[in-house]
Each structure stands twice: as structure tokens, then as C-alpha cells.
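Engineer: The structure's right below; bear with me while I get my questions together.
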Amino acid sequence: MASPDELDAASVASPHASPEHRDGAREATEPCVVCGGPTVLCCSGGREIPAFKQEIVLAGREHAIKGAEEKREQLRAAAVAASRDRRYMDVLDSAMQAYQMGSAESRRRTAGEPDVDLNQLVELLLLARATHVAGEHASGLKYLDHLAKMVDSLTGADGNLPIFHPCSAATLLLCTAELCLLFGQQERATDYSRAYLAMARLAHGEGSPAAGDAYGFHAALLTRRGSLEEALHHTMMMLQVRQRCGSEKSVADAHWNIGVLLRELHQYTSALESLESSREIYSRCSGEGLETSQTESRRSIEGGRPASGRGEPRGSMGVPSDLVQRMELEVQKAR
């Protein structure tokens with residue numbers, strides 16, 4: 001037997017139905033403002049609800065929505081505070097509740113409303129970081145996937161027009177690249193790092209300090225993956241920026257990184273020149289004699305040089321004399 005709403009729909013479709021009947025049937029099948037069901041089957045029994053009662057219902061809905069938004073905001077604020085105190089289990093608890101509330105709200109959205117919830121962006125960033133620290137790798141990857149889709153949409157990495165300003169987009173791409181690294185997603189991190197570099201250049205200018213930082217980050221990531229020649233290219237670009245607008249210490253850092261990369265590529269003569277340039281700037285910055293600089297440099301190298309010996313870019317600028325002597329011997333052998 002056909003249901004009442006099916007009969008109403010059939011009568012509307014019937015060519016023999018009068019216009020008044022059709023209009024009444026449409027009204028009967030429209031959603032009820034109280035329960036949301038077809039009006040003919042709802043709690044009002046098809047009767048028209050007085051305007052003042054509709055206002056009461058709508059006011060109650062608005063109050064409930066506002067209360068849920070306030071609760072979600074409180075949970076998100078608690079998660080941020082817990083993150084600052086490194087209470088990551090509390091971060092997981094609060095951020096997960098806030099994110100679930102946001103997901104339920106997203107499912108209730110009607111057509112025409114914005115698809116991007118920036119509150120969810122904050123919650124996903126918190127969840128991805130906290131799950132990594134808590135060792136919940138599988139859950140973290142799930143949140144990272146959701147985050148990546150949102151980041152692609154906001155920054156234009158999906159090929160569409162970006163929603164964020166280039167400055168904000170560059171920061172978000174950097175954060176995403178770092179999170180990918182934490183979860184061992186090196187190829188994915190490289191893609192986001194490359195997008196971060198392009199966005200930083202667009203936002204701040206090719207020769208800006210921010211672009212220099214982006215060149216350095218991308219070079220470090222490429223070095224970790226073993227792409228030394230490409231890393232060398234970006235490190236040289238970083239050196240050019242540092243020479244234009246950076247401090248002497250940052251220039252020495254860049255020379256050091258170039259020297260180590262050149263050594264790994266067996267370009268010993270050029271590597272020696274870069275390392276000596278780094279040592280010279282380091283001595284001048286510290287105001288010490290060369291011998292004292294070498295002693296302090298040796299201590300910094302012993303405490304901070306990568307154990308792998310692959311020459312990952314770093315900030316410690318000491319270049320001990322014994323390293324330079326070894327480089328000189330390698331240069332002689334190459335000749």
C-alpha cells in the first residue's frame with residue numbers, strides 16, 4: 001500500500017489534479033519546521049503552525065547551535081593550552097571532541113554554504129601533532145590525510161585558486177611538510193616543501209629573508225633524501241639571499257652547508273674553499289684569533305655533526321683545523 005506522501009506526490013504529478021490540489025500537496029510534503037519530516041506525516045499533522053510558534057522553534061534551534069559552537073570553541077582552546085604545556089593526551093581528548101562536533105556540523109550543511117571550516121584546520125593540526133607524540137601512528141595518518149586535503153584547497157596546491165593569502169599559505173605549507181616528515185612521509189613532505197618554497201617567493205619576494213629560509217628548509221629535506229646535487233643548488237640560492245640581507249653568521253652557515261655538500265659530491269677543491277670561508281667569517285664574528293676559533297669550532301663539531309657523515313645542513317658553524325687538513329689531503333689525492 002502506498003504511503004500518504006507517495007499518494008500526495010502522485011496527485012501532484014497527475015494531469016487531472018486541480019492547481020489548488022497541487023499547491024496543497026506540495027505544502028503537505030514540505031519539511032516541517034518542528035520535526036523536519038514531511039508535513040503530512042509530522043507532529044503538526046499537516047496543520048499550519050502559527051507564526052509565533054515557528055519563531056519559538058527557530059529561536060530554540062539558534063540557541064542550540066550557538067551553545068554547540070561555544071562548547072566546541074572551549075574544547076579547542078583547552079587543546080591549544082594543553083599543547084603549550086605538552087599535555088598531549090589532553091590535547092587528543094579535547095581536540096578530538098571538537099573535531100567530531102565540527103564533522104557533525106559539516107554533515108548538516110546545506111547547499112551553498114562554505115565547505116571549508118577553518119576551525120577544523122586548527123583541530124587537525126593539533127590532532128596530527130598529538131597523535132605522533134602519543135605514538136598513535138595509524139590515527140595520525142588518518143588525520144594527516146584529512147589535513148592534506150584541506151591544505152590543498154586552502155593553498156591552491158590542488159590546482160585551483162588559493163583561498164589563503166600567499167603569506168598564510170606559505171606558513172601552512174611549511175607546517176604540513178614538517179608533519180609529513182614526522183610521520184615518515186618523505187616524498188609527500190618534499191612536495192609540500194617545494195610548494196612552500198614557491199609560495200614564500202611569491203609572498204615575500206625572491207631575495208627576501210623568508211625566501212632564504214625556504215631555500216634552506218628545502219635543501220635540508222633534499223639532503224635527508226640523498227638528493228645532494230639538488231640540495232646544493234638550493235643551498236647556493238640560500239647563500240645568495242644571506243649575502244644580500246642576512247647576518248654574517250647566517251652567511252657562514254650557508255658556506256658550511258655548501259662545503260659539506262661539495263665534499264659529499266667529491267668536489268674537494270670547492271669544498272675546501274667554502275669551509276675556509278666559513279671559518280674566516282666565524283673567526284671575525286666571534287672576535288677571536290684563529291687558533292681559539294679552531295678550538296671552539298672543534299667542540300661544536302664534536303657535539304653537533306651528524307653521525308651519518310652525510311653532511312646534512314645545520315647551524316653550527318665551527319670548522320676545526322683537522323677537518324681542513326683532511327680536506328687538503330683529499331684535494332692532493334684528487335690532483
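In the C-alpha cells, each chain is lettered A, B, ... as it comes, each chain's residues begin at 1, and ligands are numbered from 1 in order of appearance.
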Please list as a list of chain:residue names every residue within 8 Å of Met236 in chain A, counting only C-alpha atoms and excluding residues in the same chain fewer than 4 positions away.
Structural biologist: A:Leu232, A:Gln240, A:Ala254, A:Ile258
Engineer: Restricting the output to N, CA, C and O atoms, write the selected residues as an mmCIF file, in the first residue's frame.
Structural biologist:
```cif
data_model
loop_
_atom_site.group_PDB
_atom_site.id
_atom_site.type_symbol
_atom_site.label_atom_id
_atom_site.label_comp_id
_atom_site.auth_asym_id
_atom_site.auth_seq_id
_atom_site.Cartn_x
_atom_site.Cartn_y
_atom_site.Cartn_z
ATOM 1 N N LEU A 232 72.397 21.063 -3.156
ATOM 2 C CA LEU A 232 73.482 22.037 -3.332
ATOM 3 C C LEU A 232 72.979 23.274 -4.072
ATOM 4 O O LEU A 232 73.325 24.412 -3.710
ATOM 5 N N GLN A 240 73.078 33.203 -1.597
ATOM 6 C CA GLN A 240 72.887 34.474 -2.285
ATOM 7 C C GLN A 240 71.944 35.389 -1.502
ATOM 8 O O GLN A 240 72.186 36.595 -1.379
ATOM 9 N N ALA A 254 75.670 29.177 5.630
ATOM 10 C CA ALA A 254 75.460 28.746 4.253
ATOM 11 C C ALA A 254 76.747 28.214 3.631
ATOM 12 O O ALA A 254 76.739 27.198 2.926
ATOM 13 N N ILE A 258 77.329 24.378 2.153
ATOM 14 C CA ILE A 258 77.824 24.166 0.790
ATOM 15 C C ILE A 258 79.105 23.337 0.814
ATOM 16 O O ILE A 258 79.280 22.415 0.005
#
```
Engineer: Do a neighbour search on Asp152 in chain A at 10 Å with only C-alpha atoms, toss out local chain neighbours closer than 5 positions, and write the hits as a PyMOL selection string.
Structural biologist: chain A and resi 147+157-160+162-163+169+172-173+192
Engineer: Do a neighbour search on range 68-72 of chain A at 12 Å with only C-alpha atoms, toss out local chain neighbours closer than 3 positions, and write the hits as JSON, numbers by chain.
Structural biologist: {"A": [61, 62, 63, 64, 65, 75, 76, 77, 78, 79, 94, 95, 96, 97, 98, 99, 100, 101, 102, 103, 104, 105, 119, 120, 122, 123]}
Engineer: Could you write out the selected residues, including N, CA, C and O atoms, as a CSV table (one decimal), in the first residue's frame?
Structural biologist:
```csv
chain,number,residue,atom,x,y,z
A,61,ARG,N,16.4,26.5,18.0
A,61,ARG,CA,17.5,25.9,17.2
A,61,ARG,C,18.7,26.8,17.2
A,61,ARG,O,19.8,26.3,17.3
A,62,GLU,N,18.5,28.1,17.0
A,62,GLU,CA,19.6,29.0,17.1
A,62,GLU,C,20.4,29.0,18.4
A,62,GLU,O,21.6,29.0,18.4
A,63,HIS,N,19.6,28.8,19.5
A,63,HIS,CA,20.2,28.7,20.8
A,63,HIS,C,21.1,27.5,20.9
A,63,HIS,O,22.2,27.5,21.5
A,64,ALA,N,20.5,26.4,20.4
A,64,ALA,CA,21.3,25.1,20.5
A,64,ALA,C,22.5,25.1,19.6
A,64,ALA,O,23.6,24.7,20.0
A,65,ILE,N,22.4,25.7,18.4
A,65,ILE,CA,23.6,25.9,17.6
A,65,ILE,C,24.7,26.7,18.2
A,65,ILE,O,25.9,26.4,18.2
A,75,LEU,N,36.5,23.6,23.9
A,75,LEU,CA,37.3,22.4,23.7
A,75,LEU,C,38.6,22.7,22.9
A,75,LEU,O,39.7,22.2,23.3
A,76,ARG,N,38.5,23.5,21.9
A,76,ARG,CA,39.6,23.9,21.0
A,76,ARG,C,40.6,24.7,21.8
A,76,ARG,O,41.8,24.5,21.7
A,77,ALA,N,40.1,25.6,22.6
A,77,ALA,CA,41.0,26.5,23.5
A,77,ALA,C,41.8,25.6,24.5
A,77,ALA,O,42.9,25.8,24.8
A,78,ALA,N,41.0,24.6,25.1
A,78,ALA,CA,41.7,23.7,26.0
A,78,ALA,C,42.7,22.9,25.4
A,78,ALA,O,43.8,22.6,26.0
A,79,ALA,N,42.5,22.5,24.1
A,79,ALA,CA,43.5,21.7,23.4
A,79,ALA,C,44.8,22.5,23.1
A,79,ALA,O,45.9,22.0,23.2
A,94,SER,N,40.6,16.7,24.0
A,94,SER,CA,39.8,18.0,23.7
A,94,SER,C,39.7,18.2,22.2
A,94,SER,O,38.6,18.5,21.7
A,95,ALA,N,40.8,18.1,21.5
A,95,ALA,CA,40.8,18.3,20.0
A,95,ALA,C,39.9,17.3,19.3
A,95,ALA,O,39.2,17.7,18.3
A,96,MET,N,39.9,16.1,19.7
A,96,MET,CA,39.1,15.1,19.1
A,96,MET,C,37.6,15.3,19.3
A,96,MET,O,36.8,15.2,18.3
A,97,GLN,N,37.2,15.7,20.5
A,97,GLN,CA,35.8,16.1,20.7
A,97,GLN,C,35.4,17.3,19.8
A,97,GLN,O,34.3,17.3,19.2
A,98,ALA,N,36.2,18.3,19.8
A,98,ALA,CA,35.9,19.5,19.0
A,98,ALA,C,35.8,19.1,17.5
A,98,ALA,O,34.9,19.6,16.8
A,99,TYR,N,36.7,18.3,17.0
A,99,TYR,CA,36.7,17.9,15.6
A,99,TYR,C,35.5,17.1,15.3
A,99,TYR,O,34.9,17.3,14.2
A,100,GLN,N,35.1,16.2,16.2
A,100,GLN,CA,33.9,15.4,15.9
A,100,GLN,C,32.6,16.3,15.9
A,100,GLN,O,31.7,16.0,15.1
A,101,MET,N,32.6,17.3,16.7
A,101,MET,CA,31.4,18.2,16.7
A,101,MET,C,31.4,19.0,15.4
A,101,MET,O,30.4,19.2,14.8
A,102,GLY,N,32.6,19.4,14.9
A,102,GLY,CA,32.7,20.1,13.6
A,102,GLY,C,32.3,19.2,12.5
A,102,GLY,O,31.7,19.6,11.5
A,103,SER,N,32.7,17.9,12.5
A,103,SER,CA,32.3,17.0,11.4
A,103,SER,C,30.8,16.8,11.4
A,103,SER,O,30.2,16.7,10.3
A,104,ALA,N,30.2,16.7,12.5
A,104,ALA,CA,28.7,16.5,12.6
A,104,ALA,C,28.1,17.8,12.0
A,104,ALA,O,27.1,17.7,11.2
A,105,GLU,N,28.6,18.9,12.3
A,105,GLU,CA,28.0,20.2,11.8
A,105,GLU,C,28.2,20.3,10.2
A,105,GLU,O,27.4,20.7,9.5
A,119,ASN,N,38.1,26.2,11.6
A,119,ASN,CA,38.2,25.7,13.0
A,119,ASN,C,38.7,24.2,12.9
A,119,ASN,O,39.5,23.8,13.7
A,120,GLN,N,38.2,23.5,11.9
A,120,GLN,CA,38.7,22.1,11.7
A,120,GLN,C,40.2,22.1,11.3
A,120,GLN,O,40.9,21.1,11.6
A,122,VAL,N,42.5,24.0,12.5
A,122,VAL,CA,43.3,24.1,13.8
A,122,VAL,C,43.2,22.8,14.5
A,122,VAL,O,44.2,22.3,15.0
A,123,GLU,N,42.0,22.2,14.5
A,123,GLU,CA,41.8,20.9,15.2
A,123,GLU,C,42.7,19.8,14.6
A,123,GLU,O,43.3,19.0,15.3
```
Engineer: Determine which residues of range 145-276 of chain A DSSP labels as alpha helix (DSSP H) from the backbone of this structure, then write them out as JSON, numbers by chain.
Structural biologist: {"A": [145, 146, 147, 148, 149, 150, 151, 152, 153, 154, 155, 166, 167, 168, 169, 170, 171, 172, 173, 174, 175, 176, 177, 178, 179, 180, 181, 182, 186, 187, 188, 189, 190, 191, 192, 193, 194, 195, 196, 197, 198, 199, 200, 201, 202, 203, 204, 209, 210, 211, 212, 213, 214, 215, 216, 217, 218, 219, 220, 221, 222, 223, 224, 225, 228, 229, 230, 231, 232, 233, 234, 235, 236, 237, 238, 239, 240, 241, 242, 243, 244, 245, 248, 249, 250, 251, 252, 253, 254, 255, 256, 257, 258, 259, 260, 261, 262, 263, 264, 268, 269, 270, 271, 272, 273, 274, 275, 276]}
Engineer: Can you pull out the residues contacting Gly259 in chain A? Cut-off 6 Å, using only C-alpha atoms, and skip same-chain residues under 6 positions away; I want them as number ranges by chain.
Structural biologist: A: 271, 274-275
Engineer: Generate the output file for the selected residues, all heavy atoms, as a PDB file, in the first residue's frame.
Structural biologist:
```
ATOM      1  N   ALA A 271      84.954  22.456  -2.044  1.00  0.00           N
ATOM      2  CA  ALA A 271      84.513  22.233  -0.669  1.00  0.00           C
ATOM      3  C   ALA A 271      85.460  22.904   0.313  1.00  0.00           C
ATOM      4  O   ALA A 271      85.038  23.534   1.289  1.00  0.00           O
ATOM      5  CB  ALA A 271      84.424  20.741  -0.391  1.00  0.00           C
ATOM      6  N   SER A 274      84.885  26.669   0.470  1.00  0.00           N
ATOM      7  CA  SER A 274      83.688  27.031   1.232  1.00  0.00           C
ATOM      8  C   SER A 274      83.906  26.881   2.730  1.00  0.00           C
ATOM      9  O   SER A 274      83.488  27.735   3.526  1.00  0.00           O
ATOM     10  CB  SER A 274      82.498  26.170   0.793  1.00  0.00           C
ATOM     11  OG  SER A 274      82.132  26.446  -0.539  1.00  0.00           O
ATOM     12  N   LEU A 275      84.579  25.801   3.138  1.00  0.00           N
ATOM     13  CA  LEU A 275      84.840  25.593   4.551  1.00  0.00           C
ATOM     14  C   LEU A 275      85.777  26.652   5.112  1.00  0.00           C
ATOM     15  O   LEU A 275      85.607  27.125   6.238  1.00  0.00           O
ATOM     16  CB  LEU A 275      85.419  24.195   4.776  1.00  0.00           C
ATOM     17  CG  LEU A 275      84.442  23.034   4.499  1.00  0.00           C
ATOM     18  CD1 LEU A 275      85.187  21.707   4.546  1.00  0.00           C
ATOM     19  CD2 LEU A 275      83.293  23.035   5.494  1.00  0.00           C
TER      20      LEU A 275
END
```
Engineer: Between A:Asp191, A:Glu206, A:Glu229, A:Asp85, single out the one closest to Gln267 in chain A, counting only C-alpha atoms.
Structural biologist: A:Glu229
Engineer: What lies within 12 Å of Arg84 in chain A using only C-alpha atoms, ignoring chain neighbours under 6 positions off, as a list in words?
Structural biologist: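 That gives Ala77, Ala78, Asp90, Val91, Leu126, Arg129 and Ala130 of chain A.
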Engineer: Okay, now the selection with N, CA and C atoms, as a compact mmCIF listing (two decimals), in the first residue's frame?
Structural biologist:
```txt
# COMPACT_ATOMS: atom_id res chain seq x y z
N ALA A 77 40.13 25.64 22.63
CA ALA A 77 41.03 26.45 23.46
C ALA A 77 41.75 25.58 24.50
N ALA A 78 41.03 24.62 25.05
CA ALA A 78 41.66 23.70 26.01
C ALA A 78 42.75 22.87 25.36
N ASP A 90 45.79 15.15 26.82
CA ASP A 90 44.69 16.11 26.97
C ASP A 90 44.39 16.79 25.63
N VAL A 91 45.43 17.03 24.85
CA VAL A 91 45.22 17.58 23.52
C VAL A 91 44.35 16.65 22.69
N LEU A 126 46.35 20.19 15.50
CA LEU A 126 46.58 19.73 16.87
C LEU A 126 46.56 18.21 16.95
N ARG A 129 49.74 16.43 15.31
CA ARG A 129 50.93 16.55 16.17
C ARG A 129 50.80 15.67 17.42
N ALA A 130 49.62 15.72 18.07
CA ALA A 130 49.44 14.99 19.32
C ALA A 130 49.47 13.48 19.10
```
Engineer: Report as a compact mmCIF listing (two decimals) with all heavy atoms, in the first residue's frame all protein, DNA and RNA residues lying within 10 Å of Arg225 in chain A, evaluated on only C-alpha atoms, omitting residues in the same chain fewer than 3 positions from it.
Structural biologist:
```
# COMPACT_ATOMS: atom_id res chain seq x y z
N GLN A 186 58.29 11.10 3.48
CA GLN A 186 59.32 11.99 2.95
C GLN A 186 58.99 12.51 1.55
O GLN A 186 59.22 13.69 1.25
CB GLN A 186 60.67 11.28 2.95
CG GLN A 186 61.19 11.00 4.35
CD GLN A 186 62.69 10.73 4.36
OE1 GLN A 186 63.40 11.05 3.42
NE2 GLN A 186 63.16 10.13 5.44
N GLU A 187 58.47 11.67 0.71
CA GLU A 187 58.12 12.13 -0.64
C GLU A 187 57.02 13.18 -0.58
O GLU A 187 57.06 14.21 -1.28
CB GLU A 187 57.69 10.95 -1.50
CG GLU A 187 57.39 11.32 -2.94
CD GLU A 187 57.08 10.11 -3.81
OE1 GLU A 187 57.19 8.97 -3.31
OE2 GLU A 187 56.71 10.32 -4.99
N THR A 190 58.44 16.39 0.67
CA THR A 190 59.18 17.10 -0.38
C THR A 190 58.25 17.89 -1.28
O THR A 190 58.55 19.03 -1.66
CB THR A 190 60.00 16.10 -1.21
OG1 THR A 190 60.86 15.35 -0.35
CG2 THR A 190 60.86 16.83 -2.23
N ALA A 219 66.47 22.56 1.07
CA ALA A 219 67.78 21.94 0.88
C ALA A 219 68.04 20.87 1.94
O ALA A 219 68.58 19.79 1.64
CB ALA A 219 68.88 23.00 0.92
N ALA A 220 67.67 21.15 3.18
CA ALA A 220 67.86 20.17 4.25
C ALA A 220 67.03 18.91 4.00
O ALA A 220 67.50 17.79 4.22
CB ALA A 220 67.47 20.79 5.59
N LEU A 221 65.81 19.09 3.52
CA LEU A 221 64.95 17.94 3.24
C LEU A 221 65.51 17.11 2.09
O LEU A 221 65.52 15.88 2.14
CB LEU A 221 63.54 18.45 2.93
CG LEU A 221 62.39 17.45 3.03
CD1 LEU A 221 61.10 18.18 3.35
CD2 LEU A 221 62.23 16.67 1.74
N LEU A 222 66.00 17.79 1.05
CA LEU A 222 66.60 17.07 -0.08
C LEU A 222 67.85 16.32 0.34
O LEU A 222 68.11 15.21 -0.14
CB LEU A 222 66.92 18.06 -1.20
CG LEU A 222 65.72 18.67 -1.93
CD1 LEU A 222 66.16 19.82 -2.81
CD2 LEU A 222 65.00 17.61 -2.77
N LEU A 228 71.66 15.17 -3.29
CA LEU A 228 72.67 16.14 -2.89
C LEU A 228 72.88 17.24 -3.93
O LEU A 228 73.13 18.40 -3.56
CB LEU A 228 73.99 15.43 -2.60
CG LEU A 228 73.94 14.37 -1.49
CD1 LEU A 228 75.33 13.79 -1.24
CD2 LEU A 228 73.38 14.95 -0.21
N ALA A 231 70.09 19.60 -3.62
CA ALA A 231 70.24 20.29 -2.35
C ALA A 231 71.33 21.36 -2.45
O ALA A 231 71.20 22.46 -1.90
CB ALA A 231 70.59 19.30 -1.24
```
